[in-house]
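Data block below; observations after.
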Amino acid sequence: MHPWGKWGRSFVSYGTAAARAALADAGLEWSDVGSVVGADTMRCGYPGYVAGATFAQALGWQGARVTSVYAACASGAQAIGTARAQILAGLADVVLVVGADSTPKGFLAPAGGERPGDPDWLRFRVLGATNPAYFALYARRRMALYGDTAEDFARVKVKNAAAGALNPLARYRARVTAEEVAASAVVADPLRLLDICATSDGGAALVLSSMEFARRHGHPDPVRVRAVSTVSPTYPKAVLDLPDIATDSAAAVSPAPHAFRASIARAAYEEAGLGPEDLSLAEVYDLSTALELEWYEDIGLCAPGEGAKLLREGVTALGGRLPVNTSGGLGSFGEAVPAQAIAQVCELTWQLRGTAGDRQVQGARVGITANQGLFGHGSAVVAVR
Amino acid sequence: MARTRRPVVAGWFTDDTVPEAEFRLLGTRCTACASVFFPREDDWCRNPGCPGGGELAEVPLSPRSRVWSYTDGRYRPPAPYVSDPDAPWEPYTLVAVELAAEAMVVLGQAAPGVTTADLAVGTEVEVVPGVLNEDEEHVWTTWNWRPVTTADREERS
Ligand SMILES: [Zn+2]
């Protein structure tokens, strides 16, 4: 990975640095790579839309198969899914997956121009509905339904900042107190500045290979990707989602028993042949503190409405029974959209290898990542050792 | 020259020819499977289980329902939201409303003056015409959600 922050450089430099670090870690040369998959960034003009080729050019054209994928926040996971499928299909032995972004300050915004056919454009034009507005709607709903409090939300920030303080790659490395969260400005009632993740520059990369290749190259017990879930929602999607102005109507068709976010993790567990009871740790998308609590429930750590209880009991903190966001999460990193789902898997990898330093989860064997992006993109990766 | 009133998006709500009390959001309903769409879907039914062969007929949505959740925007949103960068930012309130008959949640801005303190999950609200912004030529109209008062209830029930 490239450290996250506001560095003021091109996304290409972050992605290339992350790629070189991943190759060095794997003990491979760029020339060993048979395929490169780039997760696209949408804020860097044309090269960003063809990220795979952009990174391949930066590293030096060498004729590898190339793929570029865009899936909003799930771009990185779709890149991993694509790489894995190529390996499983025998198209490549070694695939380099790269995602990087340089993100402007402030709210993420849609592309410019008059585009009334684009739901993302419309939600800004008609409602001024920023991403934090949606996170706040979920947070308020949890308060009404489950009795979650602003103090519970702040506790997530305190926990993740404590983990991020131990991570040299994180953008924010200072511990945060509940008082500091409470004293930060309200962005979208009930969420405050420190409840919401910032936007950042950053890059992350992974080298994936077949098991046979890994063993041949002296890795008898590598971290294995056991599942990559990239399921879409089922109709009717009855939970309000970015960037939609309304949900699907459930008047004619009943929604599936598990809502979209929960179905993402369920598909990953099914593919992995594992369940939440097998987990050693999880990395989930804490775009807001309240959203992290929702993920606890959606990845099956507890029943709906019990996320805050799990947090209060210390289960999900470093040293707890099932640490969540040991990396520090997006609260400590910030959003670098195409990189973050890859960064989550980087953290699983270090934890499963036992090389996560001061944030190490003792004896980690199984980890899951979970995220959700615009337009019904979601992903979860299960990795095991 | 007088500015023309124009809906921010054509066809999403009734126009100025109806009295305010008859203002409604407009969706479409598939005649084959009864699925309702808002924003309106005019090209095809998106229910994968639809038997097909139906038409998408315009349908007014329920005028009143309950708050699913709500928030506000304390910072100026980016473009294409229109606001005067030289004027101090006035937070707007955003309401997600669960329409019972249509079994769907619809977002909207709250009527001017309604703050998050005036709302709770479950508060009854009604849809009313509103103004999103004005420029040299146009008054851009939209829909707003407004809490139903006891007086409204008696008058309009
Ligand atoms: Zn239909």
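In the structure tokens, the first chain shown is A, the next is B, and so on; residue numbers restart at 1 for each chain, and ligands run from 1 in the order shown.
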For chain B versus chain A, which residues have an atom no more than 9 Å away, and what is each residue's nearest atom pair and distance in Å rounded to one decimal, using only C-alpha atoms, chain-then-number order, as a Markdown table?
```
| residue | atom | partner | partner_atom | distance |
| --- | --- | --- | --- | --- |
| B:Val8 | CA | A:Val126 | CA | 6.8 |
| B:Val9 | CA | A:Pro116 | CA | 7.7 |
| B:Cys33 | CA | A:Ala252 | CA | 6.6 |
| B:Ala34 | CA | A:Ala252 | CA | 5.6 |
| B:Ser35 | CA | A:Ala252 | CA | 5.2 |
| B:Val36 | CA | A:Ser249 | CA | 5.7 |
| B:Phe37 | CA | A:Ser249 | CA | 6.7 |
| B:Phe38 | CA | A:Ala246 | CA | 6.5 |
| B:Pro39 | CA | A:Ala246 | CA | 7.2 |
| B:Arg46 | CA | A:Tyr235 | CA | 8.1 |
| B:Asn47 | CA | A:Tyr235 | CA | 6.4 |
| B:Pro48 | CA | A:Tyr235 | CA | 7.2 |
| B:Gly49 | CA | A:Val253 | CA | 8.6 |
| B:Trp68 | CA | A:Arg141 | CA | 7.0 |
| B:Ser69 | CA | A:Leu137 | CA | 5.4 |
| B:Tyr70 | CA | A:Leu137 | CA | 5.4 |
| B:Thr71 | CA | A:Asp189 | CA | 5.1 |
| B:Asp72 | CA | A:Ala188 | CA | 5.1 |
| B:Gly73 | CA | A:Ala188 | CA | 5.1 |
| B:Arg74 | CA | A:Val187 | CA | 5.2 |
| B:Tyr75 | CA | A:Val187 | CA | 6.4 |
| B:Arg76 | CA | A:Gly128 | CA | 8.3 |
| B:Pro77 | CA | A:Gly128 | CA | 5.7 |
| B:Pro78 | CA | A:Ala109 | CA | 6.2 |
| B:Ala79 | CA | A:Phe124 | CA | 7.0 |
| B:Pro80 | CA | A:Arg125 | CA | 4.8 |
| B:Tyr81 | CA | A:Arg125 | CA | 4.3 |
| B:Val82 | CA | A:Arg125 | CA | 7.0 |
| B:Tyr92 | CA | A:Gly128 | CA | 8.6 |
| B:Leu94 | CA | A:Leu127 | CA | 7.6 |
| B:Val95 | CA | A:Leu137 | CA | 8.3 |
| B:Ala96 | CA | A:Leu137 | CA | 7.7 |
| B:Ala100 | CA | A:Ala251 | CA | 8.8 |
| B:Ala101 | CA | A:Ala251 | CA | 7.2 |
| B:Glu102 | CA | A:Ala251 | CA | 5.4 |
| B:Ala103 | CA | A:Ala250 | CA | 5.0 |
| B:Met104 | CA | A:Ser249 | CA | 4.6 |
| B:Val105 | CA | A:Thr247 | CA | 5.4 |
| B:Val106 | CA | A:Ala246 | CA | 4.3 |
| B:Leu107 | CA | A:Ile245 | CA | 5.4 |
| B:Gly108 | CA | A:Leu127 | CA | 6.4 |
| B:Gln109 | CA | A:Leu127 | CA | 6.2 |
| B:Thr116 | CA | A:Asp189 | CA | 7.7 |
| B:Ala120 | CA | A:Ala144 | CA | 8.2 |
| B:Val121 | CA | A:Ala144 | CA | 6.4 |
| B:Leu132 | CA | A:Val126 | CA | 7.5 |
| B:Thr142 | CA | A:Val126 | CA | 7.6 |
```
**Message:** as a VMD selection string, please: the residues near region 93-100 of chain A (cut-off 8 Å, only C-alpha atoms, same-chain neighbours under 6 positions excluded).
**Reply:** chain A and resid 11 to 12 14 to 15 18 to 19 32 to 41 51 to 52 55 76 79 to 80 83 87 201 to 210 213 336 to 340 342
**Contact residues around Gly11 (chain B) with only C-alpha atoms at 12 Å, ignoring same-chain residues under 2 positions, as a ChimeraX atom specification** = /B:6-9,13-16,24-28,38-42,58-60,141-143
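Every residue of region 55-156 of chain B with a DSSP assignment of helix (DSSP H, G or I), taken from the backbone, is listed as Thr116, Ala117, Asp118, Thr150, Ala151, Asp152, Arg153, Glu154, Glu155 and Arg156 of chain B.
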**Non-local contacts of Gly305 (chain A) (10 Å; only C-alpha atoms; under 5 positions in same chain excluded) as a ChimeraX atom specification** = /A:142-143,145-148,293-294,296-297,310
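In this model, the gap between CA of Arg365 (chain A) and CA of Arg175 (chain A) comes to 27.7 Å.
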**Residues within 10 Å of Trp295 (chain A), only C-alpha atoms, excluding chain neighbours under 4 positions, as JSON, numbers by chain** = {"A": [261, 262, 265, 282, 283, 284, 285, 286, 290, 291, 299, 300, 301, 302, 304, 307, 324, 370, 371]}
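Straight-line separation from CA of Ser232 (chain A) to CA of Val382 (chain A): 17.5 Å.
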Give the strand (DSSP E) residues of region 143-376 of chain A, as DSSP finds them on the backbone, and put them as a short mmCIF file (atom, residue, chain, number, x, y, z; two decimals) with N, CA, C and O atoms, in the first residue's frame.
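Output below, filename out.cif:
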```cif
data_model
loop_
_atom_site.label_atom_id
_atom_site.label_comp_id
_atom_site.auth_asym_id
_atom_site.auth_seq_id
_atom_site.Cartn_x
_atom_site.Cartn_y
_atom_site.Cartn_z
N VAL A 186 -21.70 19.27 13.68
CA VAL A 186 -22.70 18.39 13.05
C VAL A 186 -22.61 18.59 11.54
O VAL A 186 -22.61 19.72 11.05
N VAL A 187 -22.52 17.49 10.82
CA VAL A 187 -22.51 17.55 9.35
C VAL A 187 -23.92 17.31 8.83
O VAL A 187 -24.43 18.04 8.00
N ALA A 188 -24.51 16.22 9.30
CA ALA A 188 -25.87 15.85 8.95
C ALA A 188 -26.45 15.21 10.20
O ALA A 188 -26.02 14.12 10.58
N LEU A 191 -25.19 12.97 12.76
CA LEU A 191 -23.77 12.64 12.61
C LEU A 191 -22.89 13.88 12.61
O LEU A 191 -23.22 14.88 11.97
N ARG A 192 -21.77 13.75 13.29
CA ARG A 192 -20.80 14.83 13.38
C ARG A 192 -19.59 14.54 12.50
O ARG A 192 -19.44 13.43 11.99
N ASP A 201 -6.30 10.68 -0.41
CA ASP A 201 -5.51 10.04 -1.46
C ASP A 201 -5.01 8.71 -0.89
O ASP A 201 -4.79 8.61 0.32
N GLY A 202 -4.80 7.75 -1.77
CA GLY A 202 -4.26 6.48 -1.28
C GLY A 202 -4.17 5.48 -2.39
O GLY A 202 -4.76 5.65 -3.45
N GLY A 203 -3.43 4.42 -2.12
CA GLY A 203 -3.31 3.35 -3.10
C GLY A 203 -3.12 2.01 -2.40
O GLY A 203 -2.58 1.97 -1.29
N ALA A 204 -3.60 0.96 -3.04
CA ALA A 204 -3.44 -0.38 -2.49
C ALA A 204 -3.29 -1.36 -3.65
O ALA A 204 -3.85 -1.14 -4.72
N ALA A 205 -2.54 -2.41 -3.41
CA ALA A 205 -2.33 -3.41 -4.46
C ALA A 205 -2.16 -4.78 -3.83
O ALA A 205 -1.76 -4.90 -2.67
N LEU A 206 -2.48 -5.80 -4.60
CA LEU A 206 -2.32 -7.18 -4.17
C LEU A 206 -1.72 -7.99 -5.31
O LEU A 206 -2.01 -7.71 -6.48
N VAL A 207 -0.94 -8.97 -4.97
CA VAL A 207 -0.52 -9.95 -5.96
C VAL A 207 -1.28 -11.24 -5.65
O VAL A 207 -1.19 -11.76 -4.54
N LEU A 208 -2.06 -11.70 -6.60
CA LEU A 208 -2.78 -12.97 -6.45
C LEU A 208 -2.14 -14.00 -7.37
O LEU A 208 -1.74 -13.66 -8.49
N SER A 209 -2.05 -15.22 -6.89
CA SER A 209 -1.53 -16.27 -7.77
C SER A 209 -2.30 -17.55 -7.51
O SER A 209 -3.03 -17.67 -6.53
N ARG A 224 -5.13 -17.47 1.62
CA ARG A 224 -5.96 -17.88 0.49
C ARG A 224 -7.25 -17.08 0.44
O ARG A 224 -7.89 -16.86 1.48
N VAL A 225 -7.63 -16.66 -0.74
CA VAL A 225 -8.93 -16.02 -0.94
C VAL A 225 -9.94 -17.14 -1.11
O VAL A 225 -9.89 -17.89 -2.07
N ARG A 226 -10.85 -17.26 -0.15
CA ARG A 226 -11.79 -18.38 -0.16
C ARG A 226 -13.11 -17.99 -0.83
O ARG A 226 -13.85 -18.83 -1.31
N ALA A 227 -13.41 -16.68 -0.86
CA ALA A 227 -14.65 -16.23 -1.50
C ALA A 227 -14.54 -14.77 -1.88
O ALA A 227 -13.87 -13.99 -1.19
N VAL A 228 -15.14 -14.41 -2.99
CA VAL A 228 -15.31 -13.01 -3.38
C VAL A 228 -16.78 -12.84 -3.77
O VAL A 228 -17.22 -13.36 -4.80
N SER A 229 -17.51 -12.15 -2.95
CA SER A 229 -18.93 -11.93 -3.23
C SER A 229 -19.10 -10.56 -3.89
O SER A 229 -18.63 -9.56 -3.37
N LEU A 281 -11.54 -11.96 12.53
CA LEU A 281 -11.62 -10.50 12.43
C LEU A 281 -12.44 -10.13 11.20
O LEU A 281 -12.70 -10.97 10.34
N ALA A 282 -12.81 -8.84 11.13
CA ALA A 282 -13.56 -8.33 9.97
C ALA A 282 -13.13 -6.90 9.70
O ALA A 282 -12.77 -6.15 10.61
N GLU A 283 -13.14 -6.55 8.41
CA GLU A 283 -12.94 -5.16 7.98
C GLU A 283 -14.22 -4.74 7.26
O GLU A 283 -14.59 -5.36 6.25
N VAL A 284 -14.91 -3.77 7.79
CA VAL A 284 -16.17 -3.34 7.18
C VAL A 284 -16.13 -1.84 6.88
O VAL A 284 -15.32 -1.11 7.45
N VAL A 366 -9.27 -16.64 10.02
CA VAL A 366 -10.31 -16.35 9.02
C VAL A 366 -10.73 -14.88 9.15
O VAL A 366 -10.98 -14.39 10.26
N GLY A 367 -10.79 -14.20 8.02
CA GLY A 367 -11.26 -12.81 8.04
C GLY A 367 -12.22 -12.54 6.91
O GLY A 367 -12.18 -13.21 5.87
N ILE A 368 -13.09 -11.56 7.12
CA ILE A 368 -14.01 -11.15 6.06
C ILE A 368 -13.90 -9.63 5.88
O ILE A 368 -13.63 -8.90 6.84
N THR A 369 -14.07 -9.19 4.63
CA THR A 369 -14.23 -7.76 4.37
C THR A 369 -15.64 -7.55 3.85
O THR A 369 -16.23 -8.46 3.27
N ALA A 370 -16.17 -6.36 4.04
CA ALA A 370 -17.50 -6.05 3.50
C ALA A 370 -17.55 -4.60 3.10
O ALA A 370 -17.01 -3.72 3.79
N ASN A 371 -18.17 -4.35 1.97
CA ASN A 371 -18.38 -2.97 1.55
C ASN A 371 -19.59 -2.86 0.65
O ASN A 371 -20.16 -3.84 0.21
N GLN A 372 -19.97 -1.62 0.40
CA GLN A 372 -21.10 -1.35 -0.47
C GLN A 372 -20.82 -0.05 -1.22
O GLN A 372 -20.36 0.92 -0.63
N GLY A 373 -21.10 -0.06 -2.51
CA GLY A 373 -20.90 1.14 -3.31
C GLY A 373 -22.18 1.58 -3.98
O GLY A 373 -23.20 0.91 -3.89
#
```
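As for CA of Ala267 (chain A) and CA of Cys346 (chain A), they are spaced 21.0 Å apart.
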**Prompt:** So, counting only C-alpha atoms and all ligand atoms, which residue among B:Glu22, B:Glu55, B:Glu124, B:Asp84 is closest to ligand 1?
**Reply:** B:Glu55
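The residue that comes closest to ligand 1, out of B:Thr17, B:Thr31, B:Thr4, B:Asn144 and on the basis of only C-alpha atoms and all ligand atoms, is B:Thr31.
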